[in-house]
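Data from my_file.txt: compact mmCIF, C-alpha atoms and all ligand atoms
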```txt
# COMPACT_ATOMS: atom_id res chain seq x y z
CA MET A 1 33.05 -9.13 -26.77
CA LEU A 2 33.67 -5.58 -27.89
CA ASN A 3 37.15 -4.55 -26.93
CA VAL A 4 37.77 -1.49 -24.87
CA GLY A 5 41.26 -0.65 -23.66
CA LYS A 6 42.32 -1.12 -20.06
CA ILE A 7 42.18 1.86 -17.77
CA GLU A 8 44.99 3.10 -15.50
CA ASN A 9 42.93 4.73 -12.77
CA GLY A 10 39.20 4.68 -12.37
CA ILE A 11 36.21 2.47 -11.84
CA VAL A 12 34.62 -0.33 -13.77
CA LEU A 13 31.00 -1.06 -13.02
CA ASP A 14 30.19 -4.60 -14.08
CA HIS A 15 27.06 -6.78 -14.00
CA ILE A 16 24.75 -3.83 -14.57
CA GLU A 17 21.33 -5.04 -15.65
CA ALA A 18 21.16 -4.63 -19.43
CA GLY A 19 19.78 -1.23 -20.34
CA LYS A 20 20.66 0.56 -17.14
CA ALA A 21 24.18 1.80 -17.94
CA MET A 22 22.94 5.04 -19.47
CA LEU A 23 20.82 5.66 -16.41
CA ILE A 24 23.85 5.27 -14.18
CA TYR A 25 25.89 7.47 -16.51
CA HIS A 26 23.21 10.10 -16.20
CA TYR A 27 22.85 9.99 -12.41
CA LEU A 28 26.59 9.93 -11.77
CA HIS A 29 26.52 13.20 -13.75
CA LEU A 30 29.31 11.94 -15.99
CA ASP A 31 28.03 14.21 -18.74
CA ARG A 32 29.26 17.15 -16.69
CA GLU A 33 32.84 15.83 -16.42
CA ASP A 34 35.48 15.40 -19.07
CA TYR A 35 36.44 11.87 -18.00
CA GLN A 36 37.00 9.19 -20.61
CA VAL A 37 33.97 6.96 -20.41
CA ALA A 38 33.16 3.67 -22.13
CA ILE A 39 29.67 2.30 -22.05
CA ILE A 40 29.23 -1.26 -23.23
CA LYS A 41 25.63 -2.26 -23.69
CA ASN A 42 24.24 -5.77 -24.03
CA ALA A 43 27.53 -7.55 -23.40
CA ARG A 44 27.18 -11.33 -23.18
CA SER A 45 27.27 -12.68 -19.66
CA ASN A 46 27.26 -16.27 -18.46
CA ASP A 47 25.03 -15.67 -15.48
CA MET A 48 22.98 -12.71 -16.68
CA GLY A 49 22.50 -13.36 -20.38
CA ARG A 50 23.06 -9.74 -21.21
CA LYS A 51 24.59 -7.04 -19.10
CA ASP A 52 25.92 -3.51 -19.31
CA ILE A 53 29.40 -2.37 -18.31
CA LEU A 54 30.56 1.15 -17.57
CA LYS A 55 34.23 2.17 -17.45
CA VAL A 56 35.36 5.55 -16.24
CA GLU A 57 38.94 6.81 -16.33
CA CYS A 58 39.16 9.10 -13.32
CA ASP A 59 40.38 9.46 -9.74
CA PRO A 60 38.20 6.72 -8.17
CA ASP A 61 37.81 8.68 -4.94
CA THR A 62 35.98 11.51 -6.68
CA ILE A 63 33.01 9.36 -7.68
CA SER A 64 30.21 8.81 -5.19
CA LEU A 65 28.77 5.40 -5.79
CA ASP A 66 25.62 5.95 -3.72
CA ALA A 67 23.64 6.61 -6.87
CA VAL A 68 24.79 3.27 -8.32
CA ALA A 69 23.66 1.44 -5.23
CA LEU A 70 20.23 2.99 -5.42
CA ILE A 71 19.69 2.29 -9.11
CA GLU A 72 21.35 -1.10 -9.43
CA PRO A 73 22.42 -2.68 -6.14
CA ASN A 74 23.68 -5.83 -7.90
CA THR A 75 26.44 -3.97 -9.70
CA THR A 76 30.02 -5.14 -9.15
CA VAL A 77 32.42 -2.28 -8.60
CA ASN A 78 36.09 -2.59 -9.53
CA ILE A 79 38.36 0.15 -8.29
CA ILE A 80 41.46 0.48 -10.43
CA LYS A 81 44.63 2.27 -9.43
CA GLY A 82 47.89 2.15 -11.39
CA GLY A 83 46.42 -0.35 -13.84
CA VAL A 84 45.51 -2.96 -11.21
CA ILE A 85 42.25 -3.78 -9.50
CA VAL A 86 42.74 -2.67 -5.89
CA GLU A 87 39.22 -3.39 -4.79
CA LYS A 88 36.33 -5.45 -6.11
CA LYS A 89 33.00 -5.29 -4.33
CA LYS A 90 29.30 -5.75 -4.69
CA MET A 91 27.40 -2.57 -4.03
CA ASP A 92 25.75 -2.39 -0.65
CA MET A 93 22.69 -0.41 0.26
CA PRO A 94 24.32 2.68 1.78
CA LYS A 95 23.02 3.65 5.23
CA GLU A 96 22.88 7.27 4.19
CA VAL A 97 23.01 8.95 0.81
CA PHE A 98 24.14 12.53 0.48
CA GLY A 99 23.09 14.76 -2.37
CA VAL A 100 21.81 11.98 -4.63
CA LEU A 101 18.10 12.11 -3.93
CA LYS A 102 16.26 15.36 -3.56
CA CYS A 103 13.24 15.51 -1.27
CA HIS A 104 10.10 16.51 -3.12
CA ASN A 105 7.85 17.03 -0.14
CA PRO A 106 6.82 20.70 -0.40
CA ARG A 107 6.35 20.77 3.38
CA CYS A 108 9.96 19.66 4.00
CA ILE A 109 12.39 22.13 5.56
CA SER A 110 14.87 21.24 2.79
CA SER A 111 12.54 22.99 0.34
CA ILE A 112 13.27 26.41 1.86
CA GLU A 113 16.37 26.27 4.06
CA GLN A 114 19.48 27.43 2.21
CA GLU A 115 22.58 25.29 1.88
CA LEU A 116 20.98 22.26 3.47
CA PRO A 117 22.38 18.98 2.11
CA HIS A 118 19.78 16.51 0.85
CA ILE A 119 20.18 13.44 3.03
CA PHE A 120 18.24 10.18 2.84
CA PHE A 121 18.69 7.29 5.24
CA LEU A 122 18.00 3.59 4.89
CA ALA A 123 14.86 3.30 7.02
CA ASP A 124 14.02 -0.31 6.22
CA PRO A 125 16.86 -2.46 4.86
CA LYS A 126 14.53 -5.43 4.28
CA ARG A 127 12.21 -3.51 2.00
CA LYS A 128 14.96 -1.19 0.74
CA ILE A 129 13.10 1.91 1.81
CA TYR A 130 14.88 5.25 2.06
CA ARG A 131 13.46 8.25 3.86
CA CYS A 132 14.34 11.93 3.95
CA ARG A 133 16.43 12.71 7.03
CA TYR A 134 14.32 15.80 7.71
CA CYS A 135 10.70 14.96 6.99
CA GLU A 136 10.87 11.15 6.57
CA GLU A 137 9.23 11.30 3.14
CA LYS A 138 9.64 7.91 1.46
CA TYR A 139 11.72 7.53 -1.67
CA SER A 140 10.13 5.15 -4.11
CA ALA A 141 12.21 3.63 -6.88
CA GLY A 142 9.19 3.73 -9.17
CA GLU A 143 9.42 7.49 -9.34
CA ARG A 144 13.17 7.63 -9.74
CA GLU A 145 13.28 10.51 -12.18
CA LYS A 146 11.43 12.76 -9.81
CA TRP A 147 13.74 12.01 -6.93
CA PHE A 148 17.23 11.96 -8.32
CA ARG A 149 18.90 15.33 -8.39
CA MET B 1 24.00 17.26 24.31
CA ARG B 2 20.51 15.85 24.14
CA HIS B 3 17.55 17.03 22.10
CA CYS B 4 13.93 15.97 21.94
CA LEU B 5 12.90 15.67 18.30
CA THR B 6 10.59 12.65 18.38
CA PRO B 7 9.20 10.63 21.29
CA LEU B 8 11.28 7.72 19.99
CA ASP B 9 14.43 9.62 21.03
CA PHE B 10 13.78 8.10 24.46
CA THR B 11 13.89 4.45 25.44
CA THR B 12 10.91 3.16 27.40
CA GLN B 13 13.13 3.17 30.49
CA GLU B 14 14.01 6.81 29.94
CA LEU B 15 10.33 7.58 29.41
CA ASP B 16 9.55 5.92 32.74
CA GLN B 17 12.15 8.11 34.44
CA LEU B 18 10.72 11.18 32.76
CA PHE B 19 7.16 10.34 33.86
CA ASP B 20 8.36 9.51 37.40
CA LEU B 21 9.97 12.92 37.54
CA ALA B 22 6.83 14.63 36.15
CA ALA B 23 4.71 12.80 38.74
CA ASP B 24 7.04 13.93 41.53
CA ILE B 25 6.80 17.50 40.24
CA GLU B 26 3.01 17.22 40.40
CA LYS B 27 3.21 16.05 44.03
CA ASN B 28 5.96 18.40 45.24
CA PRO B 29 6.02 21.49 43.02
CA GLY B 30 7.80 23.57 45.68
CA LYS B 31 10.81 21.29 45.57
CA TYR B 32 11.44 22.27 41.95
CA SER B 33 10.56 25.96 42.04
CA HIS B 34 14.18 27.13 41.94
CA ALA B 35 15.71 24.29 39.94
CA CYS B 36 16.21 26.52 36.89
CA ASP B 37 17.04 29.82 38.59
CA GLY B 38 19.00 31.94 36.12
CA LYS B 39 18.09 29.72 33.15
CA LYS B 40 16.19 30.84 30.06
CA ILE B 41 14.07 29.03 27.52
CA ALA B 42 13.76 30.49 24.02
CA THR B 43 10.40 29.75 22.42
CA LEU B 44 10.91 30.08 18.67
CA PHE B 45 7.42 29.85 17.23
CA TYR B 46 7.55 30.43 13.48
CA GLU B 47 3.92 29.47 13.37
CA PRO B 48 1.63 30.60 16.17
CA SER B 49 0.40 28.07 18.71
CA THR B 50 -0.39 30.04 21.80
CA ARG B 51 -1.35 27.07 23.94
CA THR B 52 1.87 25.14 23.36
CA ARG B 53 4.08 28.21 23.70
CA LEU B 54 2.47 29.25 26.99
CA SER B 55 2.83 25.72 28.30
CA PHE B 56 6.60 25.78 27.64
CA GLU B 57 6.98 29.24 29.14
CA ALA B 58 4.91 28.29 32.21
CA ALA B 59 6.99 25.13 32.63
CA MET B 60 10.23 27.12 32.69
CA MET B 61 8.79 29.78 35.00
CA ASN B 62 7.54 27.10 37.43
CA LEU B 63 11.16 25.97 37.63
CA GLY B 64 12.36 29.48 38.48
CA GLY B 65 13.63 30.27 34.99
CA LYS B 66 12.65 32.86 32.42
CA ALA B 67 11.30 32.75 28.89
CA LEU B 68 11.96 34.77 25.77
CA GLY B 69 11.17 34.28 22.12
CA PHE B 70 8.90 35.13 19.25
CA ALA B 71 5.58 33.91 17.92
CA GLY B 72 4.60 34.14 14.29
CA ALA B 73 7.18 34.20 11.52
CA ASP B 74 6.32 37.72 10.41
CA GLN B 75 7.80 39.28 13.54
CA SER B 76 10.98 37.28 13.40
CA SER B 77 14.21 37.18 11.50
CA ALA B 78 12.72 34.34 9.44
CA ALA B 79 10.58 36.95 7.74
CA LYS B 80 13.83 38.60 6.63
CA GLY B 81 14.98 35.32 5.15
CA GLU B 82 17.24 34.10 7.94
CA SER B 83 17.64 30.34 7.98
CA VAL B 84 16.69 28.13 10.91
CA ALA B 85 20.37 27.21 11.20
CA ASP B 86 21.45 30.84 11.65
CA THR B 87 18.59 31.66 14.01
CA ILE B 88 19.45 28.81 16.38
CA ARG B 89 23.17 29.67 16.30
CA VAL B 90 22.29 33.19 17.44
CA VAL B 91 19.70 32.08 20.00
CA SER B 92 22.24 29.64 21.48
CA CYS B 93 24.05 32.75 22.77
CA PHE B 94 20.93 34.07 24.55
CA ALA B 95 19.24 31.04 26.07
CA ASP B 96 19.96 27.69 27.73
CA ILE B 97 17.34 25.62 25.92
CA ALA B 98 15.03 26.18 22.96
CA ALA B 99 11.56 25.02 21.94
CA ILE B 100 10.95 25.43 18.23
CA ARG B 101 7.73 25.24 16.25
CA HIS B 102 7.81 25.54 12.49
CA ASN B 103 5.41 24.70 9.68
CA LYS B 104 8.13 22.85 7.73
CA GLU B 105 8.83 19.22 8.54
CA GLY B 106 12.32 18.56 9.89
CA ALA B 107 12.90 22.15 11.05
CA ALA B 108 13.66 21.10 14.62
CA TYR B 109 16.11 18.48 13.38
CA VAL B 110 17.93 21.14 11.36
CA ALA B 111 17.98 23.40 14.43
CA SER B 112 19.46 20.60 16.56
CA ARG B 113 22.29 20.13 14.07
CA PHE B 114 23.44 23.74 14.41
CA SER B 115 22.50 24.42 18.00
CA GLY B 116 24.73 24.99 21.00
CA ILE B 117 21.81 24.30 23.37
CA PRO B 118 19.25 21.47 23.69
CA VAL B 119 16.39 21.74 21.19
CA ILE B 120 12.83 20.60 21.82
CA ASN B 121 10.60 20.04 18.81
CA ALA B 122 7.38 21.88 19.62
CA GLY B 123 5.78 20.73 16.36
CA ASP B 124 7.21 20.58 12.83
CA GLY B 125 4.39 20.70 10.30
CA GLY B 126 2.57 17.42 9.93
CA HIS B 127 5.60 15.47 11.10
CA GLU B 128 6.12 15.27 14.88
CA HIS B 129 4.98 16.97 18.06
CA PRO B 130 6.73 14.92 20.74
CA THR B 131 5.68 16.85 23.84
CA GLN B 132 2.04 16.25 22.88
CA THR B 133 2.77 12.53 22.77
CA LEU B 134 4.64 12.66 26.07
CA LEU B 135 1.74 14.39 27.77
CA ASP B 136 -0.71 11.89 26.26
CA MET B 137 1.41 9.05 27.64
CA MET B 138 1.77 10.75 31.02
CA THR B 139 -2.02 11.20 31.21
CA ILE B 140 -2.61 7.52 30.45
CA ARG B 141 -0.03 6.48 33.01
CA GLN B 142 -1.43 8.71 35.74
CA LEU B 143 -5.07 7.77 35.11
CA LYS B 144 -4.66 4.05 34.45
CA GLY B 145 -1.56 3.53 36.58
CA ARG B 146 0.19 1.76 33.71
CA LEU B 147 1.22 2.00 30.07
CA ASN B 148 0.43 -1.58 29.10
CA HIS B 149 -2.40 -4.14 29.04
CA PHE B 150 -5.27 -2.08 27.69
CA THR B 151 -7.53 -1.55 24.70
CA ILE B 152 -7.34 1.96 23.31
CA GLY B 153 -9.81 3.40 20.83
CA ILE B 154 -8.54 6.17 18.58
CA CYS B 155 -11.27 8.07 16.82
CA GLY B 156 -11.58 10.79 14.19
CA ASP B 157 -9.07 11.88 11.59
CA LEU B 158 -6.58 9.03 11.66
CA LYS B 159 -5.15 9.85 8.24
CA PHE B 160 -3.73 13.31 8.78
CA GLY B 161 -3.61 13.41 12.58
CA ARG B 162 0.07 13.47 13.46
CA THR B 163 -0.67 13.19 17.20
CA VAL B 164 -2.34 9.86 16.47
CA HIS B 165 0.56 8.47 14.44
CA SER B 166 3.06 9.56 17.02
CA LEU B 167 1.03 8.13 19.90
CA VAL B 168 0.58 4.74 18.19
CA LYS B 169 4.28 4.50 17.33
CA THR B 170 5.24 5.31 20.91
CA LEU B 171 2.68 2.97 22.52
CA ALA B 172 3.79 0.18 20.21
CA ARG B 173 6.76 -0.43 22.48
CA TYR B 174 4.69 -1.51 25.50
CA ASP B 175 3.13 -4.92 26.19
CA ASP B 176 -0.30 -6.12 25.29
CA ILE B 177 -2.02 -3.09 23.83
CA HIS B 178 -4.97 -3.61 21.50
CA PHE B 179 -5.72 -0.75 19.13
CA VAL B 180 -9.19 0.06 17.82
CA PHE B 181 -9.12 2.58 14.96
CA ILE B 182 -12.42 4.36 14.46
CA SER B 183 -12.67 6.64 11.43
CA PRO B 184 -14.64 7.37 8.29
CA PRO B 185 -13.19 5.33 5.38
CA GLU B 186 -11.70 8.50 3.85
CA LEU B 187 -9.68 9.20 6.99
CA ARG B 188 -8.50 5.74 7.92
CA VAL B 189 -5.14 5.14 9.54
CA PRO B 190 -2.26 4.98 7.01
CA ASP B 191 -0.80 1.63 5.97
CA TYR B 192 2.60 2.41 7.40
CA ILE B 193 1.06 2.47 10.87
CA THR B 194 -0.80 -0.83 10.49
CA ASP B 195 2.32 -2.34 8.85
CA LEU B 196 4.30 -1.32 11.90
CA LEU B 197 1.75 -2.94 14.23
CA ASP B 198 1.73 -6.12 12.14
CA GLU B 199 5.48 -6.27 12.20
CA LYS B 200 5.66 -5.82 15.96
CA GLY B 201 2.85 -8.30 16.60
CA TYR B 202 0.20 -5.93 17.98
CA THR B 203 -3.50 -6.61 17.42
CA TYR B 204 -5.80 -3.97 16.01
CA GLU B 205 -9.17 -3.55 14.36
CA GLU B 206 -10.65 -0.84 12.19
CA CYS B 207 -14.26 0.27 12.23
CA ILE B 208 -16.48 3.19 11.31
CA LYS B 209 -19.01 3.47 14.13
CA LEU B 210 -17.91 4.45 17.61
CA GLU B 211 -21.07 2.94 19.16
CA ASP B 212 -20.07 -0.50 17.87
CA VAL B 213 -16.91 -0.66 19.94
CA ILE B 214 -17.19 1.81 22.81
CA THR B 215 -18.16 -0.85 25.38
CA LYS B 216 -14.83 -2.65 25.08
CA LEU B 217 -12.51 0.36 25.34
CA ASP B 218 -10.30 1.16 28.34
CA LEU B 219 -9.32 4.51 26.83
CA LEU B 220 -10.71 6.68 24.07
CA TYR B 221 -8.53 9.17 22.24
CA MET B 222 -10.65 11.61 20.23
CA THR B 223 -9.28 13.91 17.52
CA ARG B 224 -10.82 16.67 15.48
CA VAL B 225 -11.09 16.87 11.72
CA GLN B 226 -8.97 19.80 10.61
CA ARG B 227 -10.27 22.07 7.88
CA GLU B 228 -6.80 22.88 6.54
CA ARG B 229 -6.27 19.22 5.57
CA PHE B 230 -9.05 19.28 3.00
CA PHE B 231 -8.91 20.46 -0.57
CA ASN B 232 -12.62 20.96 -0.88
CA GLU B 233 -15.01 22.43 1.59
CA GLU B 234 -17.76 19.86 0.87
CA ASP B 235 -15.64 16.95 2.12
CA TYR B 236 -14.77 18.87 5.23
CA ILE B 237 -18.40 19.77 5.99
CA ARG B 238 -19.44 16.16 5.42
CA LEU B 239 -16.77 14.73 7.73
CA LYS B 240 -16.34 17.32 10.44
CA ASP B 241 -19.30 16.18 12.53
CA PHE B 242 -18.94 12.50 11.71
CA TYR B 243 -18.34 11.78 15.41
CA VAL B 244 -19.96 13.44 18.38
CA LEU B 245 -19.21 11.93 21.74
CA ASN B 246 -22.19 12.66 24.00
CA LYS B 247 -23.80 11.53 27.24
CA LYS B 248 -25.77 8.79 25.55
CA LEU B 249 -22.63 7.17 24.18
CA MET B 250 -20.72 7.65 27.42
CA ARG B 251 -23.43 5.69 29.28
CA ARG B 252 -22.38 2.60 27.34
CA ALA B 253 -18.69 3.03 28.08
CA LYS B 254 -16.81 1.45 30.99
CA ASN B 255 -16.75 3.33 34.29
CA ASP B 256 -13.04 3.97 33.91
CA MET B 257 -12.87 4.63 30.17
CA TYR B 258 -11.05 7.94 30.18
CA VAL B 259 -11.48 10.29 27.22
CA LEU B 260 -8.42 12.10 25.91
CA HIS B 261 -8.22 14.80 23.24
CA PRO B 262 -5.23 16.87 22.09
CA LEU B 263 -7.42 20.02 22.02
CA PRO B 264 -8.71 22.31 20.71
CA ARG B 265 -11.94 20.39 20.21
CA VAL B 266 -14.70 21.46 17.89
CA ASN B 267 -17.92 19.44 17.96
CA GLU B 268 -16.54 15.92 18.41
CA ILE B 269 -16.90 16.05 22.20
CA SER B 270 -20.14 17.50 23.48
CA VAL B 271 -19.67 19.98 26.34
CA GLU B 272 -22.28 17.99 28.26
CA ILE B 273 -19.65 15.42 29.20
CA ASP B 274 -17.04 17.92 30.43
CA LYS B 275 -18.19 17.23 33.99
CA ASP B 276 -18.03 13.46 33.56
CA PRO B 277 -15.10 12.23 35.72
CA ARG B 278 -13.91 10.25 32.71
CA ALA B 279 -13.37 13.43 30.67
CA ALA B 280 -9.59 13.81 30.97
CA TYR B 281 -8.78 16.36 28.28
CA PHE B 282 -8.31 19.34 30.59
CA ARG B 283 -6.21 17.27 32.98
CA GLN B 284 -4.05 16.46 29.94
CA VAL B 285 -3.19 20.16 29.62
CA GLN B 286 -2.06 20.22 33.26
CA TYR B 287 0.05 17.11 32.77
CA GLY B 288 1.53 18.85 29.74
CA VAL B 289 3.12 21.46 31.99
CA TYR B 290 4.55 18.79 34.34
CA VAL B 291 5.92 16.76 31.46
CA ARG B 292 7.55 19.83 29.90
CA MET B 293 9.07 20.71 33.27
CA ALA B 294 10.47 17.20 33.54
CA LEU B 295 11.75 17.39 29.96
CA ILE B 296 13.52 20.72 30.54
CA LEU B 297 15.22 19.34 33.67
CA THR B 298 16.22 16.16 31.86
CA LEU B 299 17.67 17.90 28.81
CA LEU B 300 19.52 20.44 30.97
CA ASP B 301 20.76 17.55 33.12
CA ILE B 302 19.57 19.23 36.31
CA HIS B 303 18.90 16.96 39.30
CA VAL B 304 16.87 17.96 42.32
CA ASP B 305 17.29 15.93 45.51
ZN ZN A 401 12.15 15.91 3.19
```
So that I can check it, write out the structure of this file as structure tokens.
Ligand SMILES: [Zn+2]
Amino acid sequence: MLNVGKIENGIVLDHIEAGKAMLIYHYLHLDREDYQVAIIKNARSNDMGRKDILKVECDPDTISLDAVALIEPNTTVNIIKGGVIVEKKKMDMPKEVFGVLKCHNPRCISSIEQELPHIFFLADPKRKIYRCRYCEEKYSAGEREKWFR
Amino acid sequence: MRHCLTPLDFTTQELDQLFDLAADIEKNPGKYSHACDGKKIATLFYEPSTRTRLSFEAAMMNLGGKALGFAGADQSSAAKGESVADTIRVVSCFADIAAIRHNKEGAAYVASRFSGIPVINAGDGGHEHPTQTLLDMMTIRQLKGRLNHFTIGICGDLKFGRTVHSLVKTLARYDDIHFVFISPPELRVPDYITDLLDEKGYTYEECIKLEDVITKLDLLYMTRVQRERFFNEEDYIRLKDFYVLNKKLMRRAKNDMYVLHPLPRVNEISVEIDKDPRAAYFRQVQYGVYVRMALILTLLDIHVD
């Protein structure tokens, strides 16, 4: 496997479905930060065949992982502090996501009210359906580009 | 502090208490005529709906309180660009409870988040209009004596009609209700409603002709087709008179098949049946005042012995 140095503080997102790392990079808005980022695409994986890995050197608390959960809920998240893994977890469907999805219903109050946070809640955990907290518009993963901020 | 944003904010037990209170108000209005002395309701109507606003104001006045507010966004601070959040913060200093109507969905929820007083959603766009649902439920309970074990026909615009969606969702918590959805194919009930009924184990059927099913109904809820929902005038013209409930049809219905309608009606209920004892749509308006009185008392946590 391609070798990328260890990180001191940050997050490592592992077991990302091959091809989706750039998407996660994009929606975590990492292009707007000056963090050191390593993206490994098509790494060999015993259980997945191929997978993507994303490493970010940063203060782990500054990154909201809600976007990751929405794009790729099977991702493994490793939180690294002082060079050691302090937490390793599978992403869960968050009950509420703040500021990740933007409601596109033109009749929604969030389309005109100033300073209103965009909030979506997990309306149906079985079918993984999120709805706008204000108007209950349904977020559909098929139209991701339209919905992510 | 409690708000009323959707009918589902209340458990069925709490709804029973609310309807018991409304029924007691109907029987003994004098007992409640000073319950809200010194209290004020603010009616914040960003979009005009005279009937609903007057009903709220009458409800508060019947309780001894007063009403203030605005109707139509152009007269209000909203026209100057003030947010709902700021408006409700300010109004919280003037009034004890607020009823808000807005054309944007979720406006009442936003208001509740920033409010110092209880907020009642008096309609937020195509989303919810809980007091309409509460008065529909109250009407059914008063006329049939129960909120379970019946077959209800719902007829007209089932696609865009928010009162219909809200009513079905709220009824789908009571036992043994069979739903009959009657609509033109273009205006059939959305999948999320039938999915909900499937999931909760309710039975339902869909059909186009009212005459095919009217004999089996215990209740008939009529709705009008709204012009503003249509992109082209031709579709509206074609569908607006799809249903006309008249004497001839009513002859085939059960003797106690009450007819409800959220009003205003257009042509879907012929005036010739207004005198039929089963025509319940004007009684609904009266129950609306009682239910709003009960709601105001409940949200203000005022008890009358
Ligand atoms: Zn929305």
Distance criterion (all atoms listed in the file): nearest to ligand ZN 401 (chain A) out of A:Lys20, A:Arg133, A:His15, A:Lys88: A:Arg133
Surroundings of ligand ZN 401 (chain A) up to 12 Å, based on all atoms listed in the file, as an NGL selection string: (:A and (101-113 or 116-121 or 130-139 or 147)) or (:B and (104-107 or 109-110 or 124-127))
Atom CA of B:Lys247 to atom CA of B:Leu134, distance in Å rounded to a single decimal: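 Here the two named atoms are 28.5 Å from each other.
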Residue contacts of stretch 60-76 of chain A (8 Å, only C-alpha atoms) excluding same-chain residues fewer than 2 positions away, as a PyMOL selection string: chain A and resi 9-11+13-17+20+24+27-28+58+78-81+88-94+97-98+100+141
Within 12 Å of B:Ile182 using all atoms listed in the file, minus same-chain residues under 4 positions, as a PyMOL selection string: chain B and resi 152-159+164+186-189+204-214+217+220-223+242-243
d(atom CA of A:Tyr35, atom CA of A:Gly19) in Å: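 Answer for the atom CA of A:Tyr35 to atom CA of A:Gly19 separation: 21.3 Å.
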Atom-to-atom span, atom CA of A:Gly82 and atom CA of A:Glu8, Å: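 Calculated distance between atom CA of A:Gly82 and atom CA of A:Glu8 is 5.1 Å.
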Long-range neighbours of stretch 18-28 of chain B as a list of chain:residue names, 6 Å cut-off, only C-alpha atoms, 4 positions minimum in chain: B:Tyr290, B:Val291, B:Ala294
Pick from B:Ala67, B:Leu135, B:Gly38, B:Arg252 nearest to B:Tyr281, counting all atoms listed in the file: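 Looking only at the distances to B:Tyr281, the closest residue turns out to be B:Leu135.
Using only C-alpha atoms, the shortest contact distance between chain B and any of A:Glu115, A:Lys128, A:Lys146, A:Asp47 is found at A:Glu115.
Excluding B:Leu143 itself and same-chain residues fewer than 4 positions from it, the residues having an atom within 10 Å of it are Met137, Met138, Thr139, Leu147, Leu219, Asp256, Met257, Tyr258, Arg278, Ala280 and Arg283 of chain B, counting only C-alpha atoms.
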Close residues, B:His3 itself excluded, 7 Å, only C-alpha atoms, min 4 positions apart in chain, as a list in words: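 Result of the neighbour search: Ser112, Pro118, Val119, Ile120 and Leu299 of chain B.
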Neighbour residues at most 10 Å from (18.7, 17.6, 37.7) (all atoms listed in the file) as a ChimeraX atom specification: /B:21,32,35-36,294,296-305
Counting all atoms listed in the file, the residue of B:Arg173, B:Leu295, B:Arg265, B:Gln284 that sits nearest B:Ile97: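 The answer is B:Leu295, which sits nearest to B:Ile97.
Using only C-alpha atoms, the shortest contact distance between chain A and any of B:Leu260, B:Val289, B:Val84, B:Ala111 is found at B:Val84.
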Will you model N, CA and C atoms for stretch 63-75 of chain A and pass it back as a tab-separated table (two decimals), keeping the file's coordinate frame?
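What follows is the written file result.tsv:
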```
chain	number	residue	atom	x	y	z
A	63	ILE	N	34.34	9.80	-7.26
A	63	ILE	CA	33.01	9.36	-7.68
A	63	ILE	C	32.23	8.79	-6.50
A	64	SER	N	31.06	9.35	-6.25
A	64	SER	CA	30.21	8.81	-5.19
A	64	SER	C	29.35	7.72	-5.79
A	65	LEU	N	29.47	6.54	-5.19
A	65	LEU	CA	28.77	5.40	-5.79
A	65	LEU	C	27.38	5.18	-5.20
A	66	ASP	N	26.94	6.10	-4.33
A	66	ASP	CA	25.62	5.95	-3.72
A	66	ASP	C	24.53	5.84	-4.77
A	67	ALA	N	24.66	6.63	-5.83
A	67	ALA	CA	23.64	6.61	-6.87
A	67	ALA	C	23.57	5.22	-7.52
A	68	VAL	N	24.75	4.61	-7.71
A	68	VAL	CA	24.79	3.27	-8.32
A	68	VAL	C	24.04	2.28	-7.44
A	69	ALA	N	24.29	2.37	-6.17
A	69	ALA	CA	23.66	1.44	-5.23
A	69	ALA	C	22.15	1.56	-5.25
A	70	LEU	N	21.68	2.78	-5.42
A	70	LEU	CA	20.23	2.99	-5.42
A	70	LEU	C	19.59	2.49	-6.71
A	71	ILE	N	20.29	2.68	-7.83
A	71	ILE	CA	19.69	2.29	-9.11
A	71	ILE	C	19.85	0.79	-9.34
A	72	GLU	N	21.03	0.26	-9.04
A	72	GLU	CA	21.35	-1.10	-9.43
A	72	GLU	C	22.23	-1.74	-8.36
A	73	PRO	N	21.63	-2.17	-7.26
A	73	PRO	CA	22.42	-2.68	-6.14
A	73	PRO	C	23.23	-3.93	-6.46
A	74	ASN	N	22.94	-4.61	-7.58
A	74	ASN	CA	23.68	-5.83	-7.90
A	74	ASN	C	24.98	-5.57	-8.67
A	75	THR	N	25.25	-4.32	-8.94
A	75	THR	CA	26.44	-3.97	-9.70
A	75	THR	C	27.71	-4.40	-8.96
```
